[in-house]
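Okay, final_13.txt now, which holds compact mmCIF, C-alpha atoms:
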# COMPACT_ATOMS: atom_id res chain seq x y z
CA ALA A 1 185.36 192.80 110.52
CA GLU A 2 182.73 194.99 108.92
CA ALA A 3 182.62 192.74 105.86
CA GLU A 4 182.27 189.66 108.06
CA ALA A 5 179.40 191.29 109.99
CA GLU A 6 177.63 192.15 106.73
CA ALA A 7 178.12 188.60 105.45
CA GLU A 8 176.72 187.17 108.68
CA ALA A 9 173.71 189.52 108.49
CA GLU A 10 173.04 188.41 104.92
CA ALA A 11 173.32 184.75 105.90
CA GLU A 12 170.93 185.28 108.80
CA ALA A 13 168.45 187.02 106.51
CA ALA A 14 168.66 184.10 104.08
CA ARG A 15 167.82 181.69 106.92
CA ALA A 16 164.87 183.77 108.14
CA PHE A 17 161.25 183.34 107.16
CA PRO A 18 160.35 186.09 104.65
CA VAL A 19 157.36 187.42 106.63
CA ARG A 20 157.93 189.69 109.64
CA PHE A 21 155.00 189.10 112.00
CA ALA A 22 154.11 191.58 114.74
CA CYS A 23 152.06 191.48 117.91
CA PRO A 24 148.53 192.81 117.23
CA VAL A 25 148.46 194.44 120.68
CA THR A 26 151.75 196.36 120.68
CA PHE A 27 152.85 196.09 117.01
CA THR A 28 156.32 195.08 118.24
CA GLU A 29 157.94 192.57 115.94
CA LEU A 30 157.56 188.92 116.98
CA PRO A 31 160.51 186.47 116.94
CA ARG A 32 161.44 185.71 113.35
CA LEU A 33 160.62 182.20 112.20
CA GLU A 34 163.16 180.16 110.26
CA ARG A 35 162.76 179.80 106.51
CA GLY A 36 160.58 176.81 105.72
CA ALA A 37 158.77 176.92 109.08
CA ASP A 38 155.22 175.59 109.24
CA VAL A 39 153.43 178.80 110.22
CA ALA A 40 150.20 176.97 111.08
CA ARG A 41 152.02 174.98 113.78
CA SER A 42 154.16 177.81 115.12
CA VAL A 43 154.07 179.48 118.53
CA LEU A 44 155.10 183.14 118.70
CA THR A 45 155.60 184.95 122.00
CA SER A 46 155.21 188.68 122.55
CA VAL A 47 157.24 189.66 125.61
CA ALA A 48 155.90 193.22 125.41
CA ALA A 49 152.26 192.08 125.60
CA GLY A 50 152.81 188.97 127.68
CA ARG A 51 150.97 186.92 125.06
CA GLN A 52 151.44 183.76 123.05
CA TYR A 53 150.04 183.30 119.57
CA LYS A 54 149.62 179.72 118.43
CA GLY A 55 148.88 177.85 115.26
CA ASN A 56 146.31 175.06 115.31
CA GLY A 57 147.56 173.08 112.34
CA ASP A 58 145.29 174.91 109.91
CA PHE A 59 146.29 178.53 110.53
CA LEU A 60 148.21 180.82 112.90
CA ASP A 61 145.86 182.93 115.04
CA LEU A 62 147.19 186.46 115.44
CA THR A 63 144.03 188.14 116.71
CA ILE A 64 144.01 190.03 120.01
CA THR A 65 141.30 187.76 121.42
CA THR A 66 142.93 184.43 120.60
CA GLY A 67 143.00 182.06 123.57
CA GLN A 68 140.90 184.37 125.74
CA GLU A 69 138.19 182.13 127.18
CA ASP A 70 136.77 184.74 129.56
CA PHE A 71 136.11 187.37 126.90
CA LEU A 72 133.64 187.14 124.03
CA GLU A 73 133.72 189.69 121.23
CA ILE A 74 130.62 189.87 119.02
CA PRO A 75 131.49 191.24 115.56
CA PRO A 76 128.87 192.97 113.36
CA ALA A 77 126.69 191.01 110.94
CA SER A 78 128.92 191.84 107.98
CA VAL A 79 131.72 189.90 109.70
CA GLN A 80 129.67 187.14 111.31
CA THR A 81 128.14 186.11 107.97
CA PHE A 82 131.46 184.86 106.68
CA ARG A 83 132.29 182.94 109.86
CA SER A 84 129.53 180.50 108.94
CA PRO A 85 130.78 177.08 107.72
CA PHE A 86 127.87 177.07 105.24
CA VAL A 87 128.93 180.39 103.67
CA SER A 88 132.60 179.35 103.54
CA PHE A 89 131.60 176.11 101.79
CA ALA A 90 129.30 177.90 99.36
CA TYR A 91 131.65 180.78 98.52
CA GLU A 92 133.40 179.06 95.60
CA ARG A 93 130.37 176.94 94.78
CA GLY A 94 128.13 179.64 93.34
CA TRP A 95 128.23 182.54 95.83
CA ARG A 96 131.21 184.31 94.24
CA ASP A 97 129.87 183.71 90.71
CA SER A 98 126.84 185.85 91.54
CA PHE A 99 129.09 188.92 91.68
CA ALA A 100 129.04 188.97 87.88
CA ARG A 101 125.62 190.63 88.07
CA ALA A 102 127.30 193.68 89.62
CA GLY A 103 129.96 193.83 86.90
CA PHE A 104 132.75 191.75 88.43
CA PRO A 105 134.60 190.35 85.39
CA GLY A 106 135.35 186.96 86.92
CA VAL A 107 138.08 185.49 89.07
CA GLU A 108 140.63 184.80 86.32
CA GLU A 109 140.34 188.31 84.83
CA GLU A 110 140.40 189.92 88.28
CA PHE A 111 143.49 187.88 89.14
CA ARG A 112 145.20 188.96 85.90
CA LEU A 113 144.43 192.63 86.56
CA ALA A 114 145.55 192.45 90.19
CA SER A 115 148.76 190.64 89.26
CA ASN A 116 149.62 193.36 86.75
CA LEU A 117 149.14 196.03 89.41
CA LEU A 118 151.30 194.05 91.86
CA ARG A 119 154.23 193.47 89.49
CA ALA A 120 156.60 195.49 91.70
CA ALA A 121 155.96 192.98 94.54
CA GLU A 122 157.27 190.00 92.59
CA GLY A 123 160.03 188.21 94.48
CA ASP A 124 158.75 189.62 97.78
CA VAL A 125 155.88 189.13 100.27
CA VAL A 126 152.26 189.68 99.27
CA VAL A 127 149.26 189.61 101.61
CA ASP A 128 145.81 188.54 100.40
CA LEU A 129 143.62 190.42 102.87
CA SER A 130 140.14 189.11 103.72
CA CYS A 131 141.16 186.13 101.62
CA GLY A 132 137.96 184.14 102.18
CA SER A 133 138.43 180.58 100.95
CA GLY A 134 141.71 181.53 99.30
CA LEU A 135 140.34 182.09 95.82
CA PHE A 136 143.10 184.58 94.98
CA ALA A 137 145.72 183.58 97.58
CA ARG A 138 146.00 180.13 96.01
CA ARG A 139 146.50 181.70 92.58
CA PHE A 140 149.12 184.14 93.85
CA ALA A 141 151.03 181.25 95.46
CA ALA A 142 150.69 178.95 92.44
CA SER A 143 152.09 181.66 90.15
CA GLY A 144 155.48 181.27 91.84
CA LYS A 145 156.10 185.01 91.40
CA TYR A 146 156.27 185.90 95.09
CA ALA A 147 158.67 184.95 97.87
CA HIS A 148 155.66 184.27 100.08
CA VAL A 149 151.89 184.79 100.12
CA VAL A 150 150.02 185.31 103.39
CA ALA A 151 146.30 184.57 103.24
CA VAL A 152 144.61 186.60 106.00
CA ASP A 153 141.02 186.40 107.18
CA TYR A 154 139.08 186.88 110.41
CA SER A 155 136.85 183.88 109.66
CA GLU A 156 138.08 180.57 111.03
CA ALA A 157 135.68 178.75 108.70
CA MET A 158 137.04 180.50 105.61
CA LEU A 159 140.64 179.68 106.54
CA ARG A 160 139.75 176.03 107.15
CA GLN A 161 137.99 175.93 103.79
CA CYS A 162 141.13 177.37 102.18
CA LYS A 163 143.25 174.65 103.84
CA GLN A 164 140.86 171.94 102.61
CA LEU A 165 140.95 173.28 99.06
CA LEU A 166 144.76 173.38 99.16
CA LEU A 167 144.86 169.75 100.32
CA ALA A 168 142.38 168.74 97.63
CA ALA A 169 144.53 170.43 94.98
CA SER A 170 147.61 168.62 96.29
CA GLU A 171 145.82 165.28 96.12
CA ARG A 172 144.94 166.01 92.49
CA GLY A 173 148.59 166.75 91.78
CA GLU A 174 147.92 170.42 91.00
CA SER A 175 150.12 171.82 93.78
CA PRO A 176 152.87 169.75 95.42
CA PRO A 177 152.52 169.98 99.24
CA ALA A 178 156.12 171.09 99.79
CA ALA A 179 155.87 173.90 97.27
CA ALA A 180 152.49 175.04 98.63
CA ALA A 181 153.82 175.12 102.20
CA ALA A 182 156.83 177.12 101.11
CA ARG A 183 154.82 179.80 99.31
CA LEU A 184 151.56 180.19 101.25
CA SER A 185 150.64 180.64 104.92
CA LEU A 186 147.19 181.04 106.48
CA VAL A 187 146.80 183.60 109.26
CA ARG A 188 143.75 184.68 111.24
CA ALA A 189 143.84 188.41 111.89
CA ASP A 190 141.70 191.51 112.28
CA VAL A 191 141.99 193.91 109.36
CA ALA A 192 142.05 196.79 111.86
CA ARG A 193 145.10 195.30 113.71
CA LEU A 194 147.28 193.74 111.04
CA PRO A 195 149.96 191.50 112.61
CA PHE A 196 152.85 192.60 110.41
CA ALA A 197 155.86 194.79 111.07
CA SER A 198 155.50 198.35 109.82
CA GLY A 199 156.82 198.87 106.30
CA SER A 200 157.39 195.15 105.67
CA ILE A 201 154.82 194.11 103.03
CA ALA A 202 155.52 194.51 99.30
CA GLY A 203 151.92 194.27 98.10
CA ILE A 204 148.38 193.80 99.38
CA HIS A 205 145.31 192.47 97.62
CA ALA A 206 141.81 192.73 99.09
CA GLY A 207 139.27 191.17 96.75
CA ALA A 208 135.57 191.90 97.31
CA ALA A 209 136.28 192.87 100.90
CA LEU A 210 135.98 196.61 101.57
CA HIS A 211 132.19 196.48 101.82
CA CYS A 212 132.48 194.00 104.72
CA TRP A 213 134.99 195.84 106.92
CA PRO A 214 133.38 197.29 110.08
CA THR A 215 135.71 200.33 110.21
CA PRO A 216 137.25 200.90 106.77
CA SER A 217 139.33 203.90 107.86
CA LEU A 218 141.17 201.82 110.48
CA ALA A 219 141.69 199.01 107.98
CA VAL A 220 143.14 201.24 105.27
CA ALA A 221 145.31 203.04 107.85
CA GLU A 222 146.68 199.62 108.81
CA ILE A 223 147.32 198.79 105.17
CA SER A 224 149.23 202.05 104.86
CA ARG A 225 151.27 201.23 107.98
CA VAL A 226 152.41 197.76 106.90
CA LEU A 227 153.16 198.51 103.24
CA LYS A 228 156.74 199.17 102.20
CA PRO A 229 157.40 202.63 100.76
CA GLY A 230 156.36 202.54 97.12
CA ALA A 231 154.30 199.35 97.57
CA THR A 232 150.80 198.92 96.13
CA VAL A 233 147.43 197.90 97.51
CA VAL A 234 144.79 196.57 95.10
CA ALA A 235 141.16 196.19 96.14
CA THR A 236 137.80 195.40 94.60
CA THR A 237 134.36 196.15 96.01
CA PHE A 238 130.80 197.14 95.13
CA LEU A 239 129.75 200.62 94.08
CA ALA A 240 126.33 202.03 94.86
CA PRO A 241 123.88 201.67 91.95
CA LYS A 242 124.02 204.61 89.57
CA VAL A 243 120.89 206.75 89.28
CA ASP A 244 120.63 209.34 86.51
CA ILE A 245 119.22 212.06 88.72
CA PRO A 246 121.53 215.07 89.07
CA GLY A 247 122.64 215.63 92.64
CA LEU A 248 120.92 212.53 94.05
CA ALA A 249 124.14 210.79 95.15
CA GLU A 250 125.22 213.86 97.10
CA GLN A 251 121.77 214.16 98.72
CA VAL A 252 121.91 210.51 99.81
CA ARG A 253 125.38 211.01 101.24
CA GLN A 254 124.34 214.10 103.19
CA ALA A 255 121.29 212.26 104.54
CA GLN A 256 123.49 209.38 105.72
CA LYS A 257 125.87 211.82 107.38
CA PHE A 258 123.00 213.60 109.15
CA VAL A 259 121.55 210.33 110.49
CA VAL A 260 124.93 209.19 111.82
CA GLN A 261 125.63 212.57 113.45
CA GLN A 262 122.22 212.63 115.13
CA ALA A 263 122.67 209.08 116.43
CA GLN A 264 126.08 209.97 117.86
CA GLN A 265 124.85 213.16 119.50
CA GLN A 266 121.88 211.44 121.13
CA GLY A 267 123.74 208.29 122.13
CA LEU A 268 121.63 206.07 119.90
CA PRO A 269 122.83 202.93 118.10
CA LEU A 270 124.32 203.69 114.72
CA PRO A 271 122.25 202.59 111.71
CA LEU A 272 123.28 199.65 109.57
CA ALA A 273 125.35 200.26 106.46
CA ASN A 274 123.56 201.06 103.22
CA GLY A 275 123.41 197.45 102.03
CA SER A 276 121.69 194.35 103.35
CA GLY A 277 123.35 192.54 106.24
CA GLY A 278 125.48 195.53 107.19
CA PHE A 279 127.41 195.57 103.91
CA ARG A 280 128.32 198.91 102.40
CA TYR A 281 127.96 200.08 98.82
CA TRP A 282 130.45 202.81 98.01
CA PHE A 283 130.50 206.02 96.00
CA GLU A 284 133.71 206.17 93.98
CA ASP A 285 134.85 209.52 95.36
CA GLU A 286 134.38 208.17 98.90
CA LEU A 287 136.88 205.43 98.16
CA GLU A 288 139.42 207.87 96.78
CA SER A 289 139.02 210.02 99.91
CA LEU A 290 139.39 206.97 102.16
CA PHE A 291 142.70 205.90 100.64
CA THR A 292 144.20 209.37 100.29
CA MET A 293 143.34 210.39 103.86
CA CYS A 294 145.28 207.32 105.03
CA GLY A 295 148.40 208.60 103.33
CA LEU A 296 148.26 206.61 100.09
CA VAL A 297 148.89 208.19 96.70
CA ASP A 298 148.57 207.51 92.95
CA TYR A 299 144.96 206.37 93.33
CA LYS A 300 143.56 204.69 90.19
CA ALA A 301 140.26 202.98 89.50
CA ASP A 302 138.77 200.62 86.91
CA ILE A 303 134.96 200.79 87.05
CA ARG A 304 132.56 198.42 85.31
CA SER A 305 128.91 198.88 86.27
CA ASN A 306 128.85 198.46 90.09
CA TYR A 307 132.30 196.85 90.23
CA ILE A 308 135.46 198.78 91.01
CA MET A 309 139.08 197.69 91.13
CA LEU A 310 141.20 200.38 92.74
CA SER A 311 144.88 200.68 93.46
CA ALA A 312 146.99 203.10 95.50
CA LYS A 313 150.60 203.28 96.66
CA LYS A 314 152.47 204.15 99.81
CA PRO A 315 154.66 207.19 99.12
CA LEU A 316 158.41 206.77 98.80
CA GLY A 317 160.49 208.28 101.55
Could I get this file's structure written as structure tokens?
Amino acid sequence: AEAEAEAEAEAEAARAFPVRFACPVTFTELPRLERGADVARSVLTSVAAGRQYKGNGDFLDLTITTGQEDFLEIPPASVQTFRSPFVSFAYERGWRDSFARAGFPGVEEEFRLASNLLRAAEGDVVVDLSCGSGLFARRFAASGKYAHVVAVDYSEAMLRQCKQLLLAASERGESPPAAAAARLSLVRADVARLPFASGSIAGIHAGAALHCWPTPSLAVAEISRVLKPGATVVATTFLAPKVDIPGLAEQVRQAQKFVVQQAQQQGLPLPLANGSGGFRYWFEDELESLFTMCGLVDYKADIRSNYIMLSAKKPLG
């Protein structure tokens, strides 16, 4: 009887969709889809939250505010910028290429480096977080190395652009539709409320994203929650320009801290981040502190000018 139960459990697992989605309100696991399901046309119900999460044909919306017509949430400028159809269209048509000036080595080299760091996730589920137009998600899926790739972004326009680029690739014969559907799903989600079951994701990539997140500590804590023990997160972002003046970086950091503390104490609006449009340029030791305080270990970094690719792991056990 025990052997039969184990065999049935294995058969059920084989029939199940590889990704375990969770309600972004309660984090309780949502009903498991069947393998081969069209995620973008699925409807998932959270009994605990009394909510339904629906796909629209392009992507599955797993944000807290989805379908709420009487509530309007206004994200900060760093998020709103990428919800623009113009920006989503331009992202792979020159916008992303401009990152080379900061030291980014280029998409193909970044993909190669990230793939090497995510080797342990091969055969399992990988999430491309803040995927934009799917620049890396499409490459992860096309590699055929992963059981499934979930492309996640808050921007509806970016996800639609990703879908259009996938369809264009299929029409050119570069990616058969059936294979693409089997390996890649598009999901709208908030990086601070990731809609995945705890300890269920084998690897996470977040390319050129950290500087856009409104609350990085919440986002990295969420990454830590959803990663499997021993799994890796890989991220790239912009470092603050280096100035050869001893102690200047620490003085700038202390000044920023003082301004934020004063604003909080006096009930004033917090200042914008240290880059234009609310984007943040990081000091390298800040990033290490951010990831380690969220419970991640084995922090490593590859720095080239103002570019950084970092990786960290969720501890075993």
**Q.** Expected residue set, 12 Å radius at (148.4, 189.8, 88.3), only C-alpha atoms, as a ChimeraX atom specification
**A.** /A:107-122,126,136-137,139-146,203-205,234
Q: Just the residues within 12 Å of Thr26 (chain A), please, counting all atoms listed in the file, with nothing from its chain fewer than 4 positions along; format it as a PyMOL selection string.
A: chain A and resi 21-22+30+46-51+63-64+193-198
Q. How far is it from CA of Thr81 (chain A) to CA of Glu156 (chain A), in Å with one decimal?
A. 11.8 Å
Q. Of the candidates A:Leu184, A:Val149, A:Val191, A:Ala37, which shows the shortest atom-to-atom distance to Asp128 (chain A), using all atoms listed in the file?
A. A:Val149
Q) So what do you get for CA of Arg32 (chain A) versus CA of Val19 (chain A), distance-wise? A)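 Distance between the two atoms: 8.0 Å.
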Q: List every protein, DNA or RNA residue with an atom no more than 6 Å from (139.0, 180.8, 100.5) in the file's coordinates, counting all atoms listed in the file, and format the result as a list in words.
A: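 All residues meeting the 6 Å criterion around (139.0, 180.8, 100.5) are Cys131, Gly132, Ser133, Gly134, Leu135, Met158, Gln161 and Cys162 of chain A.
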Q: Give me, please, the distance in Å between CA of Arg172 (chain A) and CA of Phe89 (chain A), quoted to one decimal.
A: 19.1 Å
Draw an axis-aligned box over all listed atoms of region 86-100 of chain A, pad each side with 4 Å, and write its centre and edge lengths in Å, one decimal, as JSON.
{"center_x": 130.1, "center_y": 182.5, "center_z": 96.6, "size_x": 14.6, "size_y": 20.9, "size_z": 25.4}
(Q) Which residues are close to Thr65 (chain A), i.e. within 12 Å by all atoms listed in the file, leaving aside same-chain residues fewer than 5 positions away? Reply as a ChimeraX atom specification. (A) /A:23-25,51-54,70-75,154,188-190,193
Find the spatial neighbours of Gly230 (chain A), counting only C-alpha atoms, within a cut-off of 7 Å - ignore same-chain residues fewer than 2 positions away - and output them as a PDB file with C-alpha atoms, in the frame of the given file.
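result-v5.pdb written:
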ATOM      1  CA  LYS A 228     156.740 199.170 102.200  1.00  0.00           C
ATOM      2  CA  THR A 232     150.800 198.920  96.130  1.00  0.00           C
ATOM      3  CA  LYS A 313     150.600 203.280  96.660  1.00  0.00           C
ATOM      4  CA  LYS A 314     152.470 204.150  99.810  1.00  0.00           C
ATOM      5  CA  PRO A 315     154.660 207.190  99.120  1.00  0.00           C
ATOM      6  CA  LEU A 316     158.410 206.770  98.800  1.00  0.00           C
TER       7      LEU A 316
END
